[in-house]
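Data block for target.cif (mmCIF, C-alpha atoms):
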```
data_query
#
loop_
_atom_site.label_atom_id
_atom_site.label_comp_id
_atom_site.auth_asym_id
_atom_site.auth_seq_id
_atom_site.Cartn_x
_atom_site.Cartn_y
_atom_site.Cartn_z
CA MET A 522 -37.09 5.67 1.93
CA THR A 523 -38.23 8.75 3.85
CA GLU A 524 -35.26 8.46 6.24
CA LEU A 525 -32.90 8.09 3.28
CA LEU A 526 -34.17 11.27 1.64
CA LYS A 527 -33.97 13.25 4.91
CA LYS A 528 -30.38 12.27 5.68
CA THR A 529 -27.84 14.77 4.32
CA ARG A 530 -24.61 12.98 5.33
CA ARG A 531 -23.90 9.63 3.68
CA ILE A 532 -20.81 7.46 3.33
CA ALA A 533 -20.21 4.68 0.81
CA LEU A 534 -17.45 2.10 0.45
CA GLY A 535 -16.68 1.19 -3.17
CA CYS A 536 -14.98 -1.95 -4.47
CA GLU A 537 -13.39 -2.04 -7.95
CA GLY A 538 -11.73 -5.04 -9.57
CA SER A 539 -12.78 -5.27 -13.21
CA ALA A 540 -9.21 -5.67 -14.49
CA ASN A 541 -5.75 -5.77 -12.90
CA LYS A 542 -6.39 -2.95 -10.40
CA LEU A 543 -7.97 -3.76 -7.05
CA GLY A 544 -9.32 -0.55 -5.57
CA ILE A 545 -11.31 0.26 -2.45
CA GLY A 546 -12.43 3.81 -1.78
CA ILE A 547 -14.61 5.55 0.77
CA ILE A 548 -16.51 8.74 -0.08
CA LEU A 549 -18.60 11.20 1.90
CA HIS A 550 -21.57 13.07 0.44
CA GLU A 551 -22.70 15.96 2.60
CA ASN A 552 -24.70 19.07 1.67
CA ASP A 553 -24.18 18.60 -2.09
CA THR A 554 -20.41 18.18 -1.73
CA SER A 555 -18.29 15.06 -2.18
CA THR A 556 -15.21 14.34 -0.08
CA VAL A 557 -12.74 11.53 -0.78
CA LEU A 558 -11.97 9.92 2.58
CA SER A 559 -9.69 7.20 1.23
CA ASN A 560 -8.72 5.77 -2.15
CA ILE A 561 -6.49 2.70 -1.88
CA ARG A 562 -5.33 0.65 -4.85
CA HIS A 563 -3.11 -2.37 -5.50
CA THR A 564 -2.09 -3.50 -8.98
CA PHE A 565 -1.40 -6.98 -10.31
CA VAL A 566 1.74 -6.62 -12.47
CA SER A 567 2.65 -9.41 -14.88
CA PRO A 568 6.19 -9.96 -16.31
CA PRO A 569 7.35 -7.96 -19.39
CA GLY A 570 6.07 -9.39 -22.65
CA THR A 571 2.99 -10.88 -21.04
CA GLY A 572 -0.55 -9.78 -20.25
CA PHE A 573 -2.56 -10.44 -17.11
CA LEU A 574 -4.65 -13.62 -17.18
CA PRO A 575 -8.12 -13.58 -15.59
CA LYS A 576 -7.36 -16.43 -13.16
CA ASP A 577 -4.12 -14.84 -11.94
CA THR A 578 -5.75 -11.43 -11.62
CA ALA A 579 -8.68 -12.87 -9.66
CA ALA A 580 -6.26 -14.67 -7.32
CA HIS A 581 -4.48 -11.33 -6.73
CA HIS A 582 -7.75 -9.60 -5.85
CA ARG A 583 -8.76 -12.36 -3.43
CA SER A 584 -5.34 -12.22 -1.75
CA PHE A 585 -5.29 -8.46 -1.21
CA PHE A 586 -8.96 -7.57 -0.67
CA VAL A 587 -9.04 -7.77 3.14
CA ARG A 588 -5.84 -5.81 3.75
CA ILE A 589 -6.83 -3.11 1.22
CA ALA A 590 -10.30 -2.80 2.81
CA LEU A 591 -8.82 -2.46 6.29
CA GLN A 592 -6.32 0.13 5.04
CA ALA A 593 -9.15 2.12 3.43
CA LEU A 594 -11.08 2.16 6.70
CA ARG A 595 -7.99 3.28 8.65
CA VAL A 596 -7.16 6.09 6.24
CA ALA A 597 -10.79 7.26 6.18
CA ASN A 598 -10.83 7.21 9.99
CA ILE A 599 -14.37 5.83 10.14
CA THR A 600 -16.02 2.81 11.67
CA ILE A 601 -18.38 0.27 10.12
CA PRO A 602 -21.54 1.87 11.58
CA ASP A 603 -20.65 5.09 9.69
CA ILE A 604 -21.05 3.36 6.31
CA ASP A 605 -24.43 3.64 4.57
CA CYS A 606 -23.89 1.26 1.65
CA ILE A 607 -21.41 -1.07 -0.07
CA CYS A 608 -20.88 -0.43 -3.79
CA TYR A 609 -19.20 -2.80 -6.23
CA THR A 610 -18.40 -2.97 -9.94
CA ARG A 611 -21.09 -5.04 -11.63
CA GLY A 612 -19.43 -4.73 -15.05
CA PRO A 613 -18.14 -4.49 -17.66
CA GLY A 614 -14.77 -6.15 -17.19
CA MET A 615 -12.98 -9.48 -16.93
CA GLY A 616 -15.21 -12.23 -15.58
CA ALA A 617 -13.00 -13.83 -12.94
CA PRO A 618 -11.71 -10.61 -11.31
CA LEU A 619 -15.23 -9.12 -11.35
CA THR A 620 -16.59 -12.22 -9.64
CA SER A 621 -13.92 -12.19 -6.93
CA VAL A 622 -14.66 -8.61 -5.94
CA ALA A 623 -18.44 -9.01 -6.25
CA ILE A 624 -18.31 -11.93 -3.79
CA ALA A 625 -16.15 -9.91 -1.41
CA ALA A 626 -18.54 -6.92 -1.58
CA ARG A 627 -21.53 -9.21 -1.04
CA THR A 628 -19.77 -10.68 2.00
CA LEU A 629 -19.23 -7.22 3.51
CA SER A 630 -22.87 -6.37 2.86
CA LEU A 631 -24.04 -9.47 4.73
CA LEU A 632 -21.49 -9.22 7.56
CA TRP A 633 -22.14 -5.55 8.21
CA ASN A 634 -25.86 -5.55 7.32
CA LYS A 635 -25.42 -2.79 4.74
CA PRO A 636 -27.33 -2.27 1.46
CA LEU A 637 -25.51 -3.33 -1.70
CA VAL A 638 -25.29 -1.22 -4.87
CA GLY A 639 -24.07 -2.61 -8.21
CA VAL A 640 -22.33 0.02 -10.36
CA ASN A 641 -21.54 0.33 -14.06
CA HIS A 642 -17.76 0.73 -14.34
CA CYS A 643 -18.01 3.25 -17.19
CA VAL A 644 -20.55 5.43 -15.37
CA GLY A 645 -18.22 5.36 -12.36
CA HIS A 646 -15.44 6.88 -14.47
CA ILE A 647 -17.74 9.57 -15.85
CA GLU A 648 -19.24 10.64 -12.53
CA MET A 649 -15.86 10.75 -10.80
CA GLY A 650 -14.45 12.83 -13.65
CA ARG A 651 -17.36 15.25 -13.42
CA ALA A 652 -17.00 15.54 -9.64
CA ILE A 653 -13.26 16.17 -9.69
CA THR A 654 -13.09 18.56 -12.67
CA GLY A 655 -16.40 20.39 -12.33
CA ALA A 656 -17.26 19.81 -16.00
CA SER A 657 -20.98 20.58 -16.34
CA HIS A 658 -22.13 19.25 -19.72
CA PRO A 659 -19.13 17.73 -21.49
CA VAL A 660 -18.68 15.32 -24.33
CA VAL A 661 -16.93 12.41 -22.62
CA LEU A 662 -14.06 10.49 -24.18
CA TYR A 663 -13.79 7.25 -22.24
CA VAL A 664 -10.52 5.47 -23.12
CA SER A 665 -9.16 2.49 -21.23
CA GLY A 666 -7.80 -1.02 -21.66
CA GLY A 667 -11.25 -2.45 -22.24
CA ASN A 668 -13.33 0.45 -23.57
CA THR A 669 -13.23 3.24 -26.14
CA GLN A 670 -16.37 5.38 -26.28
CA VAL A 671 -17.44 8.93 -27.11
CA ILE A 672 -20.38 9.75 -24.87
CA ALA A 673 -22.78 12.61 -24.17
CA TYR A 674 -25.61 12.88 -21.63
CA ALA A 675 -29.23 13.18 -22.73
CA GLU A 676 -32.52 12.35 -21.02
CA GLN A 677 -31.09 10.43 -18.05
CA ARG A 678 -28.78 8.25 -20.15
CA TYR A 679 -25.15 8.48 -21.15
CA ARG A 680 -25.56 8.09 -24.91
CA ILE A 681 -22.78 6.47 -26.92
CA PHE A 682 -22.01 8.46 -30.08
CA GLY A 683 -19.02 6.41 -31.21
CA GLU A 684 -16.87 3.52 -30.04
CA ALA A 685 -14.18 1.00 -30.96
CA LEU A 686 -15.34 -1.62 -33.44
CA ASP A 687 -12.81 -4.19 -32.27
CA ILE A 688 -10.15 -3.79 -29.56
CA ALA A 689 -10.03 -0.82 -27.20
CA VAL A 690 -7.33 1.83 -27.56
CA GLY A 691 -5.75 0.83 -24.24
CA ASN A 692 -5.67 -2.80 -25.31
CA CYS A 693 -3.90 -1.75 -28.51
CA LEU A 694 -1.21 0.05 -26.51
CA ASP A 695 -0.87 -2.76 -23.96
CA ARG A 696 -0.47 -5.42 -26.63
CA PHE A 697 2.12 -3.38 -28.48
CA ALA A 698 4.04 -3.01 -25.22
CA ARG A 699 4.12 -6.81 -25.13
CA THR A 700 5.53 -6.88 -28.67
CA LEU A 701 8.37 -4.58 -27.60
CA GLU A 702 8.69 -6.42 -24.26
CA ILE A 703 8.22 -3.15 -22.37
CA SER A 704 7.76 -3.39 -18.60
CA ASN A 705 4.21 -3.59 -17.22
CA ASP A 706 5.27 -1.65 -14.12
CA PRO A 707 3.61 0.72 -13.34
CA ALA A 708 1.59 0.24 -16.56
CA PRO A 709 2.48 -0.67 -20.15
CA GLY A 710 0.63 2.33 -21.59
CA TYR A 711 2.52 4.70 -19.29
CA ASN A 712 5.85 3.21 -20.38
CA ILE A 713 4.89 3.55 -24.05
CA GLU A 714 4.08 7.22 -23.37
CA GLN A 715 7.52 7.81 -21.84
CA LEU A 716 9.24 6.04 -24.73
CA ALA A 717 7.21 8.05 -27.28
CA LYS A 718 8.58 11.26 -25.76
CA GLN A 719 12.02 10.15 -26.97
CA GLY A 720 10.71 9.68 -30.54
CA GLY A 721 9.35 12.20 -33.01
CA ARG A 722 12.21 12.13 -35.47
CA ILE A 723 10.21 9.83 -37.76
CA LEU A 724 6.44 9.47 -38.16
CA LEU A 725 5.92 5.98 -39.51
CA ASP A 726 2.95 5.29 -41.77
CA LEU A 727 0.19 3.42 -39.91
CA PRO A 728 -3.45 2.79 -40.94
CA TYR A 729 -5.88 5.55 -39.97
CA ALA A 730 -9.18 3.77 -39.37
CA VAL A 731 -12.07 6.12 -38.59
CA LYS A 732 -15.43 4.84 -39.82
CA GLY A 733 -18.11 7.44 -39.24
CA MET A 734 -18.13 7.95 -35.47
CA ASP A 735 -16.34 4.67 -34.76
CA CYS A 736 -12.70 3.58 -34.73
CA SER A 737 -10.82 0.38 -35.44
CA PHE A 738 -7.48 -0.36 -33.78
CA SER A 739 -6.73 -3.99 -34.66
CA GLY A 740 -5.28 -3.20 -38.10
CA ILE A 741 -3.08 -0.46 -36.65
CA LEU A 742 -1.74 -2.92 -34.09
CA THR A 743 -1.04 -5.53 -36.76
CA ARG A 744 0.93 -3.03 -38.85
CA ALA A 745 2.83 -1.76 -35.79
CA ASP A 746 3.74 -5.36 -34.91
CA GLU A 747 4.99 -5.89 -38.47
CA LEU A 748 7.16 -2.79 -38.29
CA ALA A 749 8.53 -3.89 -34.92
CA ALA A 750 9.54 -7.27 -36.39
CA HIS A 751 11.10 -5.44 -39.36
CA MET A 752 13.05 -3.19 -36.97
CA LYS A 753 14.32 -6.13 -34.90
CA SER A 754 15.62 -7.84 -38.05
CA GLY A 755 17.64 -4.73 -38.95
CA GLY A 756 15.21 -3.32 -41.48
CA LYS A 757 14.80 0.38 -42.24
CA GLY A 758 11.91 2.71 -42.97
CA THR A 759 10.64 3.71 -46.42
CA ASP A 760 13.07 6.65 -46.41
CA GLY A 761 16.00 4.30 -45.91
CA GLU A 762 16.60 5.39 -42.31
CA ALA A 763 16.65 3.06 -39.33
CA PHE A 764 13.93 3.59 -36.75
CA THR A 765 13.76 2.84 -33.05
CA PRO A 766 11.20 1.56 -30.52
CA ALA A 767 10.72 5.21 -29.51
CA ASP A 768 9.81 6.09 -33.11
CA LEU A 769 7.30 3.25 -33.18
CA CYS A 770 5.68 4.32 -29.92
CA PHE A 771 5.54 7.94 -31.07
CA SER A 772 3.94 6.99 -34.39
CA LEU A 773 1.40 4.70 -32.76
CA GLN A 774 0.34 7.35 -30.25
CA GLU A 775 0.09 10.14 -32.84
CA THR A 776 -2.08 8.04 -35.14
CA ILE A 777 -4.55 6.62 -32.64
CA PHE A 778 -4.88 9.86 -30.70
CA ALA A 779 -5.59 11.80 -33.91
CA MET A 780 -8.44 9.35 -34.56
CA LEU A 781 -9.86 9.93 -31.08
CA VAL A 782 -9.64 13.71 -31.47
CA GLU A 783 -11.51 13.53 -34.78
CA ILE A 784 -14.51 11.59 -33.48
CA THR A 785 -14.65 13.64 -30.27
CA GLU A 786 -14.74 16.90 -32.24
CA ARG A 787 -17.56 15.56 -34.38
CA ALA A 788 -19.56 14.69 -31.25
CA MET A 789 -18.94 18.17 -29.81
CA ALA A 790 -20.34 19.72 -32.97
CA HIS A 791 -23.37 17.44 -32.88
CA VAL A 792 -24.41 18.18 -29.28
CA GLY A 793 -23.21 21.79 -29.22
CA SER A 794 -20.81 21.30 -26.31
CA SER A 795 -17.58 23.23 -25.75
CA GLN A 796 -16.29 20.84 -23.05
CA VAL A 797 -14.40 17.57 -23.36
CA LEU A 798 -13.95 15.32 -20.35
CA ILE A 799 -11.35 12.56 -20.76
CA VAL A 800 -11.74 9.58 -18.42
CA GLY A 801 -10.28 6.09 -18.17
CA GLY A 802 -6.70 4.93 -17.76
CA VAL A 803 -5.51 6.18 -21.18
CA GLY A 804 -6.89 9.58 -20.20
CA CYS A 805 -3.76 10.08 -18.07
CA ASN A 806 -1.68 10.33 -21.25
CA GLU A 807 -0.31 13.86 -21.50
CA ARG A 808 0.02 13.73 -25.29
CA LEU A 809 -3.65 12.81 -25.68
CA GLN A 810 -4.61 15.68 -23.38
CA GLU A 811 -2.38 18.04 -25.38
CA MET A 812 -3.86 17.04 -28.76
CA MET A 813 -7.42 17.21 -27.42
CA GLY A 814 -6.67 20.59 -25.84
CA ALA A 815 -5.46 22.01 -29.15
CA MET A 816 -8.67 20.91 -30.88
CA ALA A 817 -10.89 22.26 -28.09
CA ALA A 818 -9.06 25.59 -28.04
CA GLU A 819 -9.72 26.05 -31.77
CA ARG A 820 -13.42 25.64 -30.99
CA GLY A 821 -13.26 28.05 -28.04
CA GLY A 822 -13.68 25.16 -25.63
CA SER A 823 -11.72 23.42 -22.92
CA VAL A 824 -10.53 19.97 -21.87
CA TYR A 825 -11.05 18.44 -18.44
CA ALA A 826 -8.99 15.52 -17.17
CA THR A 827 -7.85 14.04 -13.87
CA ASP A 828 -4.56 12.60 -12.68
CA GLU A 829 -3.73 8.92 -12.17
CA ARG A 830 -5.52 8.79 -8.79
CA PHE A 831 -8.87 9.05 -10.57
CA CYS A 832 -8.19 8.25 -14.25
CA ILE A 833 -6.88 4.75 -13.56
CA ASP A 834 -9.42 2.24 -12.20
CA ASN A 835 -10.14 2.96 -8.54
CA GLY A 836 -12.61 2.20 -5.79
CA ILE A 837 -13.59 5.80 -5.09
CA MET A 838 -15.32 6.18 -8.47
CA ILE A 839 -17.45 3.13 -7.70
CA ALA A 840 -18.27 4.51 -4.24
CA HIS A 841 -19.23 7.89 -5.71
CA ALA A 842 -21.42 6.59 -8.56
CA GLY A 843 -22.96 3.99 -6.27
CA LEU A 844 -23.81 6.56 -3.62
CA LEU A 845 -25.39 8.83 -6.23
CA ALA A 846 -27.66 5.93 -7.24
CA TYR A 847 -28.31 4.95 -3.62
CA GLU A 848 -29.45 8.49 -2.83
CA THR A 849 -32.21 8.09 -5.43
CA GLY A 850 -33.41 4.93 -3.66
CA PHE A 851 -31.57 2.36 -5.79
CA GLN A 852 -30.26 -0.83 -4.19
CA THR A 853 -29.14 -4.22 -5.51
CA PRO A 854 -30.82 -7.17 -3.75
CA ILE A 855 -28.36 -9.86 -2.66
CA GLU A 856 -30.02 -12.44 -4.93
CA GLU A 857 -29.43 -10.10 -7.91
CA SER A 858 -25.87 -9.09 -6.98
CA THR A 859 -24.30 -10.66 -10.04
CA CYS A 860 -21.62 -9.31 -12.35
CA THR A 861 -21.36 -9.27 -16.12
CA GLN A 862 -18.58 -8.79 -18.66
CA ARG A 863 -20.97 -6.87 -20.92
CA PHE A 864 -22.75 -3.90 -19.37
CA ARG A 865 -23.13 -0.98 -21.73
CA THR A 866 -22.90 2.60 -20.53
CA ASP A 867 -26.27 3.54 -22.00
CA GLU A 868 -28.10 0.76 -20.11
CA VAL A 869 -27.93 2.75 -16.86
CA LEU A 870 -30.81 5.05 -15.89
CA VAL A 871 -29.06 8.15 -14.52
CA LYS A 872 -31.79 9.24 -12.11
CA TRP A 873 -29.51 11.60 -10.17
CA ARG A 874 -29.14 13.98 -13.16
CA LYS A 875 -31.96 16.17 -14.40
#
```

Any chance you could give the structure as structure tokens?
Amino acid sequence: MTELLKKTRRIALGCEGSANKLGIGIILHENDTSTVLSNIRHTFVSPPGTGFLPKDTAAHHRSFFVRIALQALRVANITIPDIDCICYTRGPGMGAPLTSVAIAARTLSLLWNKPLVGVNHCVGHIEMGRAITGASHPVVLYVSGGNTQVIAYAEQRYRIFGEALDIAVGNCLDRFARTLEISNDPAPGYNIEQLAKQGGRILLDLPYAVKGMDCSFSGILTRADELAAHMKSGGKGTDGEAFTPADLCFSLQETIFAMLVEITERAMAHVGSSQVLIVGGVGCNERLQEMMGAMAAERGGSVYATDERFCIDNGIMIAHAGLLAYETGFQTPIEESTCTQRFRTDEVLVKWRK
């Protein structure tokens, strides 16, 4: 432990595979600065109109892990002895993909005789967002395919102020993309965003389901699916005008993003913060950033967000959060190097923050 505390230059390799993105990243911490040495990612893309099944996603991760790891090492221009620890996503996520990557990370730990560090996926997003943007004490909106949470830091925990009561916002978008048979390449949510930019002529009426600090998206999705079926059969809107897939995508985005802005603003008022940090794959959405920015500006605040390199699931965020924990003395024994589909953000003791 004494040697660990004395060392000022540390390198971690992070492995992410909680969903359809396999990511391996290598990060350097030196003299209170973080440097991304490599951040390699490969995505499992399923056919239009379908989702990604756990078994197929896990098979993808197993197939590509070695070549992605080797590529990350080449890009980082380091050797195995340079690495201080191996970090992996312990959860939350899809069981089979998580297991595949956890086994691979455990194998590297044993082969290379390196300490292993299990990382909470959500905390990885938050810490990477803070490192990239420089946000000091933000309210965090974490929005992805599997999670929707409004979070703020207090007393060495990331406290959850509000969350989705059923499906996550990203899952709502992904499933609606399936309804419209929109391509999953590069991502269904991205393609909905591009289609929504062509809409705006009509704002279709969808349920607005905010319940205190929480949101519900399943009813919105059901109504959007009904309207899509009505559109495909030649039906028209309540004003008698025909509507298009672009109008549907626009209306869906406007409604669910307005809900997210509302609960985020309420959390900002509660904790007295003027900063919003948006993380997770849906955080790449420019319309969400625009709507959140307008709200923050009215409060004299600001919005922080990253681009797709760091918003979308990646290995570098796992390396960064894992190395932060490792620097406090945390390690995951091999016999405890499990993974779990349910691992809440507020379960993690954030010892590296005061």

(message) Given only C-alpha atoms as the basis, pick out the residue of A:Thr654, A:Gly546, A:Ile723, A:Pro854 nearest to Lys757 (chain A).
(response)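 Ranked by minimum distance to Lys757 (chain A), first place goes to A:Ile723.
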
(message) Let me make sure I understand: among A:Asn641, A:Gln852, A:Asn541, A:Thr610, which one has the smallest atom-to-atom distance to Ala626 (chain A) if we use all atoms listed in the file?
(response)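 Result for the nearest residue to Ala626 (chain A): A:Thr610.
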
(request) Identify which of the residues A:Tyr674, A:Tyr729, A:Phe738, A:Phe573 lies closest to Met615 (chain A), counting only C-alpha atoms when measuring atom-to-atom distances. (result) A:Phe573

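The set of residues that the PyMOL selection byres ((chain A and resi 571) around 12) takes from this file is Val566, Ser567, Pro568, Pro569, Gly570, Gly572, Phe573, Leu574, Asp695, Arg696, Phe697, Ala698, Arg699, Thr700, Leu701, Glu702, Ile703, Ser704, Asn705, Asp706 and Pro709 of chain A.
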
Atoms kept (C-alpha atoms) for selection, written as a PDB file, keeping the file's coordinate frame:
```pdb
ATOM      1  CA  VAL A 566       1.740  -6.620 -12.470  1.00  0.00           C
ATOM      2  CA  SER A 567       2.650  -9.410 -14.880  1.00  0.00           C
ATOM      3  CA  PRO A 568       6.190  -9.960 -16.310  1.00  0.00           C
ATOM      4  CA  PRO A 569       7.350  -7.960 -19.390  1.00  0.00           C
ATOM      5  CA  GLY A 570       6.070  -9.390 -22.650  1.00  0.00           C
ATOM      6  CA  GLY A 572      -0.550  -9.780 -20.250  1.00  0.00           C
ATOM      7  CA  PHE A 573      -2.560 -10.440 -17.110  1.00  0.00           C
ATOM      8  CA  LEU A 574      -4.650 -13.620 -17.180  1.00  0.00           C
ATOM      9  CA  ASP A 695      -0.870  -2.760 -23.960  1.00  0.00           C
ATOM     10  CA  ARG A 696      -0.470  -5.420 -26.630  1.00  0.00           C
ATOM     11  CA  PHE A 697       2.120  -3.380 -28.480  1.00  0.00           C
ATOM     12  CA  ALA A 698       4.040  -3.010 -25.220  1.00  0.00           C
ATOM     13  CA  ARG A 699       4.120  -6.810 -25.130  1.00  0.00           C
ATOM     14  CA  THR A 700       5.530  -6.880 -28.670  1.00  0.00           C
ATOM     15  CA  LEU A 701       8.370  -4.580 -27.600  1.00  0.00           C
ATOM     16  CA  GLU A 702       8.690  -6.420 -24.260  1.00  0.00           C
ATOM     17  CA  ILE A 703       8.220  -3.150 -22.370  1.00  0.00           C
ATOM     18  CA  SER A 704       7.760  -3.390 -18.600  1.00  0.00           C
ATOM     19  CA  ASN A 705       4.210  -3.590 -17.220  1.00  0.00           C
ATOM     20  CA  ASP A 706       5.270  -1.650 -14.120  1.00  0.00           C
ATOM     21  CA  PRO A 709       2.480  -0.670 -20.150  1.00  0.00           C
TER      22      PRO A 709
END
```

(message) As a check of understanding, name the residues that the PyMOL selection byres ((chain A and resi 825) around 10) selects in the supplied structure, as an MDAnalysis selection string.
(response) chainID A and resid 650:651 653:656 659 661 796:800 804 810 813:814 823:824 826:827

Generate the output file for the selected residues, C-alpha atoms, as a tab-separated table (two decimals), keeping the file's coordinate frame.
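Heads up, here's the output in out_29.tsv:
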```tsv
chain	number	residue	atom	x	y	z
A	650	GLY	CA	-14.45	12.83	-13.65
A	651	ARG	CA	-17.36	15.25	-13.42
A	653	ILE	CA	-13.26	16.17	-9.69
A	654	THR	CA	-13.09	18.56	-12.67
A	655	GLY	CA	-16.40	20.39	-12.33
A	656	ALA	CA	-17.26	19.81	-16.00
A	659	PRO	CA	-19.13	17.73	-21.49
A	661	VAL	CA	-16.93	12.41	-22.62
A	796	GLN	CA	-16.29	20.84	-23.05
A	797	VAL	CA	-14.40	17.57	-23.36
A	798	LEU	CA	-13.95	15.32	-20.35
A	799	ILE	CA	-11.35	12.56	-20.76
A	800	VAL	CA	-11.74	9.58	-18.42
A	804	GLY	CA	-6.89	9.58	-20.20
A	810	GLN	CA	-4.61	15.68	-23.38
A	813	MET	CA	-7.42	17.21	-27.42
A	814	GLY	CA	-6.67	20.59	-25.84
A	823	SER	CA	-11.72	23.42	-22.92
A	824	VAL	CA	-10.53	19.97	-21.87
A	826	ALA	CA	-8.99	15.52	-17.17
A	827	THR	CA	-7.85	14.04	-13.87
```

(request) State, in Å with one decimal place, the distance from CA of Val638 (chain A) to CA of Val596 (chain A). (result) 22.5 Å

(request) Find, counting only C-alpha atoms, the residue in A:Cys805, A:Met789, A:Ile833, A:Ile713 that gets nearest to Gly544 (chain A). (result)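 Checking each of A:Cys805, A:Met789, A:Ile833, A:Ile713 against Gly544 (chain A), counting only C-alpha atoms, the winner is A:Ile833.
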
(request) Rank nothing, just name the residue among A:Glu762, A:Asp553, A:Glu856, A:Glu868 nearest to Arg627 (chain A), using all atoms listed in the file. (result) A:Glu856

(request) Report as number ranges by chain the residues that result from applying the PyMOL selection byres ((chain A and resi 678) around 9) to the structure here. (result) A: 673-677, 679-680, 866-872

(message) Rounded to one decimal, what separation in Å do you get between CA of Ala842 (chain A) and CA of Leu637 (chain A)?
(response)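 Between these atoms lies a distance of 12.7 Å.
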
Kindly list the centre and edge lengths in Å, rounded to one decimal, for the axis-aligned box that covers all listed atoms of region 772-789 of chain A plus 3 Å on each of its six sides, as lines of an AutoDock Vina configuration file.
```
center_x = -7.8
center_y = 11.4
center_z = -32.5
size_x = 29.5
size_y = 19.5
size_z = 11.3
```

(request) Pick out the residues sitting within 12 Å of Arg787 (chain A), and hand them over as a list of chain:residue names; count only C-alpha atoms, and ignore anything fewer than 4 positions along from it in its own chain. (result) A:Val660, A:Leu662, A:Val671, A:Ile672, A:Ala673, A:Phe682, A:Gly683, A:Val731, A:Gly733, A:Met734, A:Asp735, A:Met780, A:Leu781, A:Val782, A:Glu783, A:His791, A:Val792, A:Gly793, A:Ser794, A:Ser795, A:Val797, A:Met816, A:Ala817, A:Arg820

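Nearest-residue note for Phe778 (chain A): choosing from A:Cys536, A:Val557, A:Met752, A:Leu694, the minimum distance belongs to A:Leu694, counting only C-alpha atoms.
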
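Taking CA of His582 (chain A) and CA of Leu543 (chain A) as the two end points, the separation is 6.0 Å.
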
(message) List as a VMD selection string the protein and nucleic acid residues near region 599-606 of chain A, meaning an atom at most 9 Å away when all atoms listed in the file are counted, but skip any in the same chain fewer than 5 places from it.
(response) chain A and resid 531 to 535 547 558 594 630 633 635 to 638 840 843 to 844 847 852

Can you put N, CA and C atoms back into region 678-690 of chain A and show it as an mmCIF file, in the coordinates of the input?
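As written to disk, out.cif reads:
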```cif
data_model
loop_
_atom_site.group_PDB
_atom_site.id
_atom_site.type_symbol
_atom_site.label_atom_id
_atom_site.label_comp_id
_atom_site.auth_asym_id
_atom_site.auth_seq_id
_atom_site.Cartn_x
_atom_site.Cartn_y
_atom_site.Cartn_z
ATOM 1 N N ARG A 678 -29.633 9.330 -19.647
ATOM 2 C CA ARG A 678 -28.780 8.250 -20.150
ATOM 3 C C ARG A 678 -27.476 8.858 -20.641
ATOM 4 N N TYR A 679 -26.396 8.106 -20.504
ATOM 5 C CA TYR A 679 -25.150 8.480 -21.150
ATOM 6 C C TYR A 679 -25.126 7.803 -22.510
ATOM 7 N N ARG A 680 -25.403 8.603 -23.552
ATOM 8 C CA ARG A 680 -25.560 8.090 -24.910
ATOM 9 C C ARG A 680 -24.210 7.906 -25.588
ATOM 10 N N ILE A 681 -24.033 6.784 -26.242
ATOM 11 C CA ILE A 681 -22.780 6.470 -26.920
ATOM 12 C C ILE A 681 -22.868 6.956 -28.368
ATOM 13 N N PHE A 682 -22.023 7.911 -28.725
ATOM 14 C CA PHE A 682 -22.010 8.460 -30.080
ATOM 15 C C PHE A 682 -21.045 7.709 -30.991
ATOM 16 N N GLY A 683 -19.994 7.157 -30.424
ATOM 17 C CA GLY A 683 -19.020 6.410 -31.210
ATOM 18 C C GLY A 683 -18.206 5.518 -30.291
ATOM 19 N N GLU A 684 -17.628 4.464 -30.862
ATOM 20 C CA GLU A 684 -16.870 3.520 -30.040
ATOM 21 C C GLU A 684 -15.921 2.708 -30.909
ATOM 22 N N ALA A 685 -15.081 1.900 -30.252
ATOM 23 C CA ALA A 685 -14.180 1.000 -30.960
ATOM 24 C C ALA A 685 -14.984 -0.155 -31.550
ATOM 25 N N LEU A 686 -14.662 -0.510 -32.782
ATOM 26 C CA LEU A 686 -15.340 -1.620 -33.440
ATOM 27 C C LEU A 686 -14.712 -2.960 -33.120
ATOM 28 N N ASP A 687 -13.486 -2.930 -32.592
ATOM 29 C CA ASP A 687 -12.810 -4.190 -32.270
ATOM 30 C C ASP A 687 -12.140 -4.062 -30.896
ATOM 31 N N ILE A 688 -10.833 -3.903 -30.852
ATOM 32 C CA ILE A 688 -10.150 -3.790 -29.560
ATOM 33 C C ILE A 688 -10.144 -2.341 -29.089
ATOM 34 N N ALA A 689 -10.075 -2.165 -27.772
ATOM 35 C CA ALA A 689 -10.030 -0.820 -27.200
ATOM 36 C C ALA A 689 -8.653 -0.199 -27.412
ATOM 37 N N VAL A 690 -8.592 1.126 -27.330
ATOM 38 C CA VAL A 690 -7.330 1.830 -27.560
ATOM 39 C C VAL A 690 -6.279 1.424 -26.520
#
```
